[in-house]
Amino acid sequence: MPTVAKKNITPVPEPLAHRIAEYGLEGSYVSASEKDSPWVPFGDSAFIRHLAFDVRTNSFCNILWVKSGGQLGTHKHRGAVSAMTLEGSFRYLEYDWVARPGDFITELPGTAHTLVSDDPNGMKAVFWMNGTLEFYDDGGDLEQVFDVFWFIDHYVSYCEENNLPINQELFV
């Protein structure tokens with residue numbers, strides 16, 4: 001990480017500074033470099049770049065990349081999701097809108113939908129997810145349940161198999 005000169009830092013009074021110093025946690029920094037977080041295959045036409053794992057809240061953040069268009073299976077969230085489209089476009093079969101760069105999406109617990117990118121260039125979007133993610137087959141039967149530990153295993157296993165360092169900054 002490049003060094004940034006610190007000047008004119010404003011001291012801010014904090015009556016509980018001693019507790020923050022003892023029990024508080026700092027944030028993390030993940031650069032745009034794939035060395036900080038590689039693209040990990042996710043299904044047939046997608047990749048995930050993991051950005052954060054929080055085991056205390058069963059939440060995780062990643063960038064989903066669906067290359068050259070494609071579809072992610074029907075899934076349901078058991079926690080709230082926030083997302084922003086970075087590149088390309090995507091939609092859900094169940095809704096009438098198309099998400100394009102800069103568009104912000106919220107998904108509420110209990111809703112099921114099927115992500116599709118009709119864009120020939122695919123799509124990239126950053127997702128912050130809370131709770132579990134359930135995937136269903138075409139008949140509506142539950143196939144898989146993913147939580148923060150599944151996503152950690154997805155990342156760590158890929159790094160181990162490819163002799164890549166595990167970035168501890170992802171664990172917040």
# chains A, B, ... in the order shown; residues from 1 in each chain; ligands from 1
>>> closest_atom_pairs(of="segment 59-127 of chain A", to="segment 146-167 of chain A", cutoff="10 Å", atoms="only C-alpha atoms", output="CSV")
residue,atom,partner,partner_atom,distance
A:Ser59,CA,A:Val148,CA,5.9
A:Phe60,CA,A:Val148,CA,6.0
A:Cys61,CA,A:Val148,CA,9.5
A:Asn62,CA,A:Phe151,CA,9.5
A:His77,CA,A:Phe146,CA,9.7
A:Arg78,CA,A:Asp147,CA,9.8
>>> residues_around(residues="Gly79 of chain A", least_positions_apart="4", cutoff="9 Å", atoms="only C-alpha atoms", output="ChimeraX atom specification")
/A:59,107-110,129-133
>>> closest_residue(among="A:Gly43, A:Gly140, A:Pro13, A:Gly69", to="Pro120 of chain A", atoms="only C-alpha atoms")
A:Gly69
>>> closest_residue(among="A:Ser117, A:Ala125, A:Gly139, A:Ala83", to="Ile105 of chain A", atoms="only C-alpha atoms")
A:Ala83
>>> residues_around(residues="Ser82 of chain A", least_positions_apart="3", cutoff="6 Å", atoms="only C-alpha atoms", output="PyMOL selection string")
chain A and resi 105-106+127-128
>>> residues_around(residues="Val98 of chain A", least_positions_apart="2", cutoff="10 Å", atoms="only C-alpha atoms", output="VMD selection string")
chain A and resid 89 to 93 95 to 96 100 103 116 to 118
>>> write_last_selection(atoms="C-alpha atoms", output="short mmCIF file (atom, residue, chain, number, x, y, z; two decimals), in the first residue's frame")
data_model
loop_
_atom_site.label_atom_id
_atom_site.label_comp_id
_atom_site.auth_asym_id
_atom_site.auth_seq_id
_atom_site.Cartn_x
_atom_site.Cartn_y
_atom_site.Cartn_z
CA SER A 89 -26.17 -4.54 -16.98
CA PHE A 90 -28.28 -7.17 -15.27
CA ARG A 91 -31.85 -7.79 -14.29
CA TYR A 92 -33.98 -10.28 -12.42
CA LEU A 93 -36.49 -12.39 -14.33
CA TYR A 95 -38.84 -7.70 -12.05
CA ASP A 96 -39.31 -5.13 -14.82
CA ARG A 100 -26.95 -0.31 -15.29
CA ASP A 103 -27.79 1.95 -10.29
CA VAL A 116 -29.68 -12.54 -15.68
CA SER A 117 -27.23 -10.51 -17.74
CA ASP A 118 -28.33 -10.13 -21.36
#
>>> closest_atom_pairs(of="segment 81-172 of chain A", to="segment 20-34 of chain A", cutoff="8 Å", atoms="only C-alpha atoms", output="CSV")
residue,atom,partner,partner_atom,distance
A:Glu169,CA,A:Ser28,CA,5.5
A:Leu170,CA,A:Ser28,CA,7.2
A:Val172,CA,A:Ser28,CA,6.9
>>> write_last_selection(atoms="all heavy atoms", output="mmCIF file, in the first residue's frame")
data_model
loop_
_atom_site.group_PDB
_atom_site.id
_atom_site.type_symbol
_atom_site.label_atom_id
_atom_site.label_comp_id
_atom_site.auth_asym_id
_atom_site.auth_seq_id
_atom_site.Cartn_x
_atom_site.Cartn_y
_atom_site.Cartn_z
ATOM 1 N N GLU A 169 -6.949 -8.898 5.457
ATOM 2 C CA GLU A 169 -7.731 -7.659 5.454
ATOM 3 C C GLU A 169 -9.193 -7.923 5.093
ATOM 4 O O GLU A 169 -10.053 -7.093 5.345
ATOM 5 C CB GLU A 169 -7.141 -6.648 4.462
ATOM 6 C CG GLU A 169 -5.844 -6.033 4.912
ATOM 7 C CD GLU A 169 -6.004 -5.059 6.069
ATOM 8 O OE1 GLU A 169 -6.961 -4.265 6.069
ATOM 9 O OE2 GLU A 169 -5.162 -5.102 6.993
ATOM 10 N N LEU A 170 -9.483 -9.073 4.487
ATOM 11 C CA LEU A 170 -10.853 -9.381 4.108
ATOM 12 C C LEU A 170 -11.708 -9.775 5.306
ATOM 13 O O LEU A 170 -12.934 -9.730 5.248
ATOM 14 C CB LEU A 170 -10.882 -10.519 3.080
ATOM 15 C CG LEU A 170 -10.109 -10.319 1.779
ATOM 16 C CD1 LEU A 170 -10.285 -11.534 0.876
ATOM 17 C CD2 LEU A 170 -10.533 -9.055 1.067
ATOM 18 N N VAL A 172 -13.148 -8.856 8.548
ATOM 19 C CA VAL A 172 -13.410 -7.653 9.346
ATOM 20 C C VAL A 172 -14.131 -7.974 10.632
ATOM 21 O O VAL A 172 -14.710 -9.017 10.778
ATOM 22 C CB VAL A 172 -14.219 -6.614 8.542
ATOM 23 C CG1 VAL A 172 -13.414 -6.160 7.349
ATOM 24 C CG2 VAL A 172 -15.568 -7.148 8.100
#
>>> select_by_dssp(residues="chain A", states="helix (DSSP H, G or I)", output="list in words")
Ala17, His18, Arg19, Ile20, Ala21, Glu22, Tyr23, Val148, Phe149, Trp150, Phe151, Ile152, Asp153, His154, Tyr155, Val156, Ser157, Tyr158, Cys159, Glu160, Glu161, Gln168, Glu169 and Leu170 of chain A
>>> write_last_selection(atoms="C-alpha atoms", output="PDB file, in the first residue's frame")
ATOM      1  CA  ALA A  17     -10.727   6.509  23.779  1.00  0.00           C
ATOM      2  CA  HIS A  18      -9.288   3.980  26.241  1.00  0.00           C
ATOM      3  CA  ARG A  19     -12.124   1.500  25.531  1.00  0.00           C
ATOM      4  CA  ILE A  20     -11.879   2.056  21.794  1.00  0.00           C
ATOM      5  CA  ALA A  21      -8.120   1.453  21.960  1.00  0.00           C
ATOM      6  CA  GLU A  22      -8.671  -1.744  23.957  1.00  0.00           C
ATOM      7  CA  TYR A  23     -11.731  -3.234  22.230  1.00  0.00           C
ATOM      8  CA  VAL A 148     -20.343 -16.255   5.426  1.00  0.00           C
ATOM      9  CA  PHE A 149     -18.415 -19.471   6.150  1.00  0.00           C
ATOM     10  CA  TRP A 150     -19.240 -20.876   2.701  1.00  0.00           C
ATOM     11  CA  PHE A 151     -17.905 -17.675   1.109  1.00  0.00           C
ATOM     12  CA  ILE A 152     -14.783 -17.787   3.319  1.00  0.00           C
ATOM     13  CA  ASP A 153     -14.201 -21.405   2.244  1.00  0.00           C
ATOM     14  CA  HIS A 154     -14.788 -20.425  -1.396  1.00  0.00           C
ATOM     15  CA  TYR A 155     -12.042 -17.789  -1.140  1.00  0.00           C
ATOM     16  CA  VAL A 156      -9.557 -19.644   1.094  1.00  0.00           C
ATOM     17  CA  SER A 157      -9.814 -22.938  -0.808  1.00  0.00           C
ATOM     18  CA  TYR A 158      -9.166 -21.169  -4.110  1.00  0.00           C
ATOM     19  CA  CYS A 159      -6.135 -19.381  -2.665  1.00  0.00           C
ATOM     20  CA  GLU A 160      -4.756 -22.610  -1.196  1.00  0.00           C
ATOM     21  CA  GLU A 161      -5.281 -24.547  -4.443  1.00  0.00           C
ATOM     22  CA  GLN A 168      -6.343 -11.137   6.247  1.00  0.00           C
ATOM     23  CA  GLU A 169      -7.731  -7.659   5.454  1.00  0.00           C
ATOM     24  CA  LEU A 170     -10.853  -9.381   4.108  1.00  0.00           C
TER      25      LEU A 170
END
>>> select_by_dssp(residues="chain A", states="strand (DSSP E or B)", output="PyMOL selection string")
chain A and resi 39-42+46-54+59-66+70-77+81-88+90-92+98-99+104-107+112-117+123-130+133-136+142-146+171
>>> write_last_selection(atoms="C-alpha atoms", output="PDB file, in the first residue's frame")
ATOM      1  CA  TRP A  39     -11.416 -13.520  -9.213  1.00  0.00           C
ATOM      2  CA  VAL A  40     -12.715 -16.898  -8.002  1.00  0.00           C
ATOM      3  CA  PRO A  41     -14.933 -19.002 -10.312  1.00  0.00           C
ATOM      4  CA  PHE A  42     -18.592 -19.147  -9.233  1.00  0.00           C
ATOM      5  CA  ALA A  46     -19.492 -16.098 -13.148  1.00  0.00           C
ATOM      6  CA  PHE A  47     -16.619 -15.043 -10.902  1.00  0.00           C
ATOM      7  CA  ILE A  48     -16.534 -13.484  -7.448  1.00  0.00           C
ATOM      8  CA  ARG A  49     -13.970 -11.060  -6.072  1.00  0.00           C
ATOM      9  CA  HIS A  50     -14.335 -11.305  -2.289  1.00  0.00           C
ATOM     10  CA  LEU A  51     -13.981  -7.992  -0.416  1.00  0.00           C
ATOM     11  CA  ALA A  52     -15.086  -8.633   3.187  1.00  0.00           C
ATOM     12  CA  PHE A  53     -16.218 -11.382   5.552  1.00  0.00           C
ATOM     13  CA  ASP A  54     -17.828 -10.573   8.924  1.00  0.00           C
ATOM     14  CA  SER A  59     -22.360 -10.753   6.276  1.00  0.00           C
ATOM     15  CA  PHE A  60     -20.074 -10.644   3.279  1.00  0.00           C
ATOM     16  CA  CYS A  61     -19.220  -8.302   0.440  1.00  0.00           C
ATOM     17  CA  ASN A  62     -18.072  -9.172  -3.055  1.00  0.00           C
ATOM     18  CA  ILE A  63     -18.065  -8.139  -6.673  1.00  0.00           C
ATOM     19  CA  LEU A  64     -20.012 -10.497  -8.901  1.00  0.00           C
ATOM     20  CA  TRP A  65     -18.824 -10.698 -12.505  1.00  0.00           C
ATOM     21  CA  VAL A  66     -20.985 -12.501 -15.026  1.00  0.00           C
ATOM     22  CA  GLY A  70     -25.360 -15.421 -18.421  1.00  0.00           C
ATOM     23  CA  GLN A  71     -27.653 -16.419 -15.604  1.00  0.00           C
ATOM     24  CA  LEU A  72     -27.268 -17.131 -11.913  1.00  0.00           C
ATOM     25  CA  GLY A  73     -29.720 -19.649 -10.490  1.00  0.00           C
ATOM     26  CA  THR A  74     -32.902 -18.703  -8.687  1.00  0.00           C
ATOM     27  CA  HIS A  75     -32.015 -17.721  -5.152  1.00  0.00           C
ATOM     28  CA  LYS A  76     -33.512 -16.297  -1.980  1.00  0.00           C
ATOM     29  CA  HIS A  77     -31.857 -14.115   0.634  1.00  0.00           C
ATOM     30  CA  VAL A  81     -28.758  -7.047   0.397  1.00  0.00           C
ATOM     31  CA  SER A  82     -27.430  -3.797  -1.053  1.00  0.00           C
ATOM     32  CA  ALA A  83     -25.840  -3.669  -4.495  1.00  0.00           C
ATOM     33  CA  MET A  84     -24.477  -1.229  -7.038  1.00  0.00           C
ATOM     34  CA  THR A  85     -23.873  -1.969 -10.695  1.00  0.00           C
ATOM     35  CA  LEU A  86     -20.302  -1.192 -11.777  1.00  0.00           C
ATOM     36  CA  GLU A  87     -20.218  -2.352 -15.413  1.00  0.00           C
ATOM     37  CA  GLY A  88     -22.606  -3.773 -17.974  1.00  0.00           C
ATOM     38  CA  PHE A  90     -28.279  -7.173 -15.273  1.00  0.00           C
ATOM     39  CA  ARG A  91     -31.848  -7.793 -14.293  1.00  0.00           C
ATOM     40  CA  TYR A  92     -33.983 -10.284 -12.420  1.00  0.00           C
ATOM     41  CA  VAL A  98     -32.575  -3.375 -15.695  1.00  0.00           C
ATOM     42  CA  ALA A  99     -29.637  -2.338 -13.491  1.00  0.00           C
ATOM     43  CA  PHE A 104     -28.375   0.982  -6.651  1.00  0.00           C
ATOM     44  CA  ILE A 105     -30.462  -2.028  -5.651  1.00  0.00           C
ATOM     45  CA  THR A 106     -31.810  -3.225  -2.311  1.00  0.00           C
ATOM     46  CA  GLU A 107     -33.151  -6.709  -1.774  1.00  0.00           C
ATOM     47  CA  ALA A 112     -36.564 -14.981  -4.513  1.00  0.00           C
ATOM     48  CA  HIS A 113     -35.213 -13.936  -7.880  1.00  0.00           C
ATOM     49  CA  THR A 114     -33.088 -15.060 -10.828  1.00  0.00           C
ATOM     50  CA  LEU A 115     -30.197 -12.836 -11.916  1.00  0.00           C
ATOM     51  CA  VAL A 116     -29.678 -12.539 -15.679  1.00  0.00           C
ATOM     52  CA  SER A 117     -27.229 -10.508 -17.736  1.00  0.00           C
ATOM     53  CA  MET A 123     -21.893  -7.318 -15.814  1.00  0.00           C
ATOM     54  CA  LYS A 124     -20.071  -6.452 -12.608  1.00  0.00           C
ATOM     55  CA  ALA A 125     -21.810  -5.359  -9.428  1.00  0.00           C
ATOM     56  CA  VAL A 126     -20.743  -5.015  -5.830  1.00  0.00           C
ATOM     57  CA  PHE A 127     -23.034  -6.797  -3.340  1.00  0.00           C
ATOM     58  CA  TRP A 128     -23.153  -6.440   0.453  1.00  0.00           C
ATOM     59  CA  MET A 129     -25.153  -9.415   1.755  1.00  0.00           C
ATOM     60  CA  ASN A 130     -26.407 -10.304   5.210  1.00  0.00           C
ATOM     61  CA  LEU A 133     -28.269 -17.198   0.420  1.00  0.00           C
ATOM     62  CA  GLU A 134     -30.394 -20.158  -0.734  1.00  0.00           C
ATOM     63  CA  PHE A 135     -30.218 -21.547  -4.284  1.00  0.00           C
ATOM     64  CA  TYR A 136     -33.117 -23.507  -5.801  1.00  0.00           C
ATOM     65  CA  LEU A 142     -33.570 -26.182  -2.252  1.00  0.00           C
ATOM     66  CA  GLU A 143     -30.130 -27.143  -3.616  1.00  0.00           C
ATOM     67  CA  GLN A 144     -27.563 -25.179  -1.594  1.00  0.00           C
ATOM     68  CA  VAL A 145     -27.349 -22.756   1.306  1.00  0.00           C
ATOM     69  CA  PHE A 146     -24.437 -20.317   1.442  1.00  0.00           C
ATOM     70  CA  PHE A 171     -11.774 -10.595   7.606  1.00  0.00           C
TER      71      PHE A 171
END
>>> atom_distance(atom1="atom CA of Gly122 of chain A", atom2="atom CA of Ser37 of chain A")
20.2 Å
>>> atom_distance(atom1="atom CA of Pro101 of chain A", atom2="atom CA of Asp36 of chain A")
23.6 Å
